[in-house]
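A.B. asks: Sending over a structure as structure tokens; questions will come in a sec.
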Amino acid sequence: MMQAMKTYSATPSDVDRKWYIIDAEDVVLGRMASIIANMLRGKHKPMYTANIDCGDNIIVINAEKVLLTGNKRANKTYYWHTGYPGGIKSRTADKILDGAHPERVISKAVERMLPKTVLGRQQISKLKIYAGSEHPHEAQSPEVLDIASMNPKNKRRA
């Protein structure tokens with residue numbers, strides 16, 4: 001007699017979260033964002049369950065030194081609306097990266113790769129991004145995740 005296969009479904013108590021630190025210096029933005037999004041969702045784990053937040057915590061440092069290939073640094077435009085008539089505003093990636101909050105380029109790239117649900121908002125809250133090389137998460141003893149060495153295309157010059 002054949003034994004029936006059982007589908008494993010993780011529960012929140014099964015989840016073991018790790019901390020990873022990523023250095024964004026000279027790493028291509030989109031490639032880094034897709035790896036971060038998968039790790040925030042937990043898709044790199046064998047216990048992945050779509051309706052449970054089983055992802056890890058990610059710390060990104062040197063966000064101001066992230067690399068955009070081609071002419072994207074000058075041409076990529078971020079739009080938002082103020083809510084008033086004719087209130088569409090825009091800013092290029094160049095202005096944002098050179099401005100006061102360069103980490104927003106990475107957070108937007110990752111945020112747009114996550115589901116637009118309650119679960120997606122819970123997952124993005126585990127992402128910590130810092131413009132410089134300092135971060136206040138030493139107590140969590142994060143593991144270094146070297147995205148630049150995973151693939152030669154992850155660290156190419158524009």
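In the structure tokens, chains take the letters A, B, ... in the order shown, each chain's residues start at 1, and ligands count up from 1 in the order shown.
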Would you kindly return, as an mmCIF file with C-alpha atoms, in the first residue's frame, each protein, DNA or RNA residue with an atom no farther than 10 Å from any atom of stretch 137-148 of chain A, considering only C-alpha atoms and excluding same-chain residues fewer than 3 positions away?
C.D. replies:
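Result file is out.cif:
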data_model
loop_
_atom_site.group_PDB
_atom_site.id
_atom_site.type_symbol
_atom_site.label_atom_id
_atom_site.label_comp_id
_atom_site.auth_asym_id
_atom_site.auth_seq_id
_atom_site.Cartn_x
_atom_site.Cartn_y
_atom_site.Cartn_z
ATOM 1 C CA LYS A 18 18.627 35.220 11.148
ATOM 2 C CA TRP A 19 20.253 38.634 10.652
ATOM 3 C CA TYR A 20 22.228 39.379 7.500
ATOM 4 C CA ILE A 21 24.301 42.433 6.633
ATOM 5 C CA ILE A 22 24.798 43.536 3.016
ATOM 6 C CA ASP A 23 27.338 46.100 1.810
ATOM 7 C CA ALA A 24 25.695 47.946 -1.110
ATOM 8 C CA GLU A 25 28.880 49.659 -2.290
ATOM 9 C CA ASP A 26 29.187 49.271 -6.113
ATOM 10 C CA VAL A 27 26.459 46.582 -6.192
ATOM 11 C CA VAL A 28 23.818 46.806 -8.955
ATOM 12 C CA ARG A 31 20.015 42.571 -8.604
ATOM 13 C CA MET A 32 20.565 43.381 -4.941
ATOM 14 C CA ILE A 35 17.941 38.996 -3.555
ATOM 15 C CA ILE A 36 16.835 41.088 -0.555
ATOM 16 C CA ASN A 57 16.173 40.430 8.930
ATOM 17 C CA ILE A 58 18.384 42.354 6.491
ATOM 18 C CA ILE A 59 20.710 45.283 7.224
ATOM 19 C CA VAL A 60 21.993 47.257 4.216
ATOM 20 C CA LYS A 128 17.022 48.234 7.833
ATOM 21 C CA GLU A 134 27.583 52.525 10.615
ATOM 22 C CA ASN A 151 27.689 36.739 -9.711
ATOM 23 C CA PRO A 152 30.123 38.914 -11.705
ATOM 24 C CA LYS A 153 27.165 40.935 -13.033
ATOM 25 C CA ASN A 154 26.219 41.996 -9.486
ATOM 26 C CA LYS A 155 29.223 44.334 -9.275
ATOM 27 C CA ARG A 156 29.864 45.694 -12.742
#
A.B. asks: List the spatial neighbours of A:Gly55 as a list in words - criterion: any atom at most 9 Å away, only C-alpha atoms, same-chain residues fewer than 3 positions off excluded.
C.D. replies: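 The neighbour list is Val15, Asp16, Arg17, Lys18, Asn38, Met39, Leu40, Arg41, Gly42, Lys43, His44, Lys45, Tyr48, Ile52, Gln123 and Lys126 of chain A.
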A.B. asks: Those residues you just picked out, can you put them in a file as a PDB file, in the first residue's frame with C-alpha atoms?
C.D. replies:
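This went into part-v7.pdb:
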ATOM      1  CA  VAL A  15      10.269  30.361  11.969  1.00  0.00           C
ATOM      2  CA  ASP A  16      13.920  30.872  12.927  1.00  0.00           C
ATOM      3  CA  ARG A  17      15.007  34.365  11.874  1.00  0.00           C
ATOM      4  CA  LYS A  18      18.627  35.220  11.148  1.00  0.00           C
ATOM      5  CA  ASN A  38      13.518  36.877  -1.655  1.00  0.00           C
ATOM      6  CA  MET A  39      15.281  36.784   1.711  1.00  0.00           C
ATOM      7  CA  LEU A  40      12.663  39.037   3.369  1.00  0.00           C
ATOM      8  CA  ARG A  41       9.941  36.687   2.108  1.00  0.00           C
ATOM      9  CA  GLY A  42      11.871  33.571   3.172  1.00  0.00           C
ATOM     10  CA  LYS A  43      11.930  31.997  -0.293  1.00  0.00           C
ATOM     11  CA  HIS A  44      15.542  30.886   0.223  1.00  0.00           C
ATOM     12  CA  LYS A  45      14.441  28.500   3.004  1.00  0.00           C
ATOM     13  CA  TYR A  48       8.870  28.608   2.898  1.00  0.00           C
ATOM     14  CA  ILE A  52       3.552  33.084   6.787  1.00  0.00           C
ATOM     15  CA  GLN A 123       8.149  41.752   5.638  1.00  0.00           C
ATOM     16  CA  LYS A 126      12.491  43.667   8.687  1.00  0.00           C
TER      17      LYS A 126
END
A.B. asks: Residues of stretch 34-135 of chain A classed as alpha helix (DSSP H) by DSSP on the backbone are to be reported as a PyMOL selection string.
C.D. replies: chain A and resi 34-41+72-75+93-98+103-111+118-124
A.B. asks: Within 9 Å of A:Arg73, counting only C-alpha atoms, which residues qualify if same-chain residues fewer than 6 places away don't, as an MDAnalysis selection string?
C.D. replies: chainID A and resid 67 92:95 97
A.B. asks: For atom CA of A:Thr7 and atom CA of A:Gly120, quote the distance in Å rounded to one decimal.
C.D. replies: 23.7 Å
A.B. asks: Which polymer residues have any atom within 10 Å of an atom of A:Tyr78, counting only C-alpha atoms, with same-chain residues fewer than 4 positions away left out, as a list in words?
C.D. replies: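 Close residues of A:Tyr78: Lys89, Ser90, Arg91, Thr92, Ala93, Ile96, Val105 and Lys108 of chain A.
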A.B. asks: How many Å separate atom CA of A:Val118 from atom CA of A:Ala50?
C.D. replies: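 So the two atoms, atom CA of A:Val118 and atom CA of A:Ala50, lie 12.7 Å apart.
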A.B. asks: Could you check which of A:Met47, A:Asp56, A:Met113, A:Gln3 is closest to A:Ser125, using only C-alpha atoms?
C.D. replies: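 With only C-alpha atoms as the atom set, the closest residue is A:Asp56.
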A.B. asks: Find the residue from A:Ile61, A:Ala131, A:Ala33, A:Ala10 that sits nearest to A:Ile106; use only C-alpha atoms when measuring.
C.D. replies: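 Checking each candidate against A:Ile106, we get A:Ala33 as the closest.
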A.B. asks: DSSP says strand (DSSP E or B) for which residues of stretch 75-139 of chain A? Put them as a ChimeraX atom specification?
C.D. replies: /A:77-81,88-92,127-129
A.B. asks: By how many Å are atom CA of A:Asp98 and atom CA of A:Glu64 apart?
C.D. replies: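 Separating atom CA of A:Asp98 from atom CA of A:Glu64 is a distance of 7.5 Å.
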A.B. asks: Which is closer to A:Asn51 than all the others in A:Gly99, A:Arg104, A:Ser34, A:Thr11, using only C-alpha atoms?
C.D. replies: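 Comparing A:Gly99, A:Arg104, A:Ser34, A:Thr11 against A:Asn51, the winner is A:Thr11.
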A.B. asks: Which of these, A:Thr117, A:Ser133, A:Gln122, A:Thr49, has the shortest distance to A:Lys65 once you count only C-alpha atoms?
C.D. replies: A:Ser133
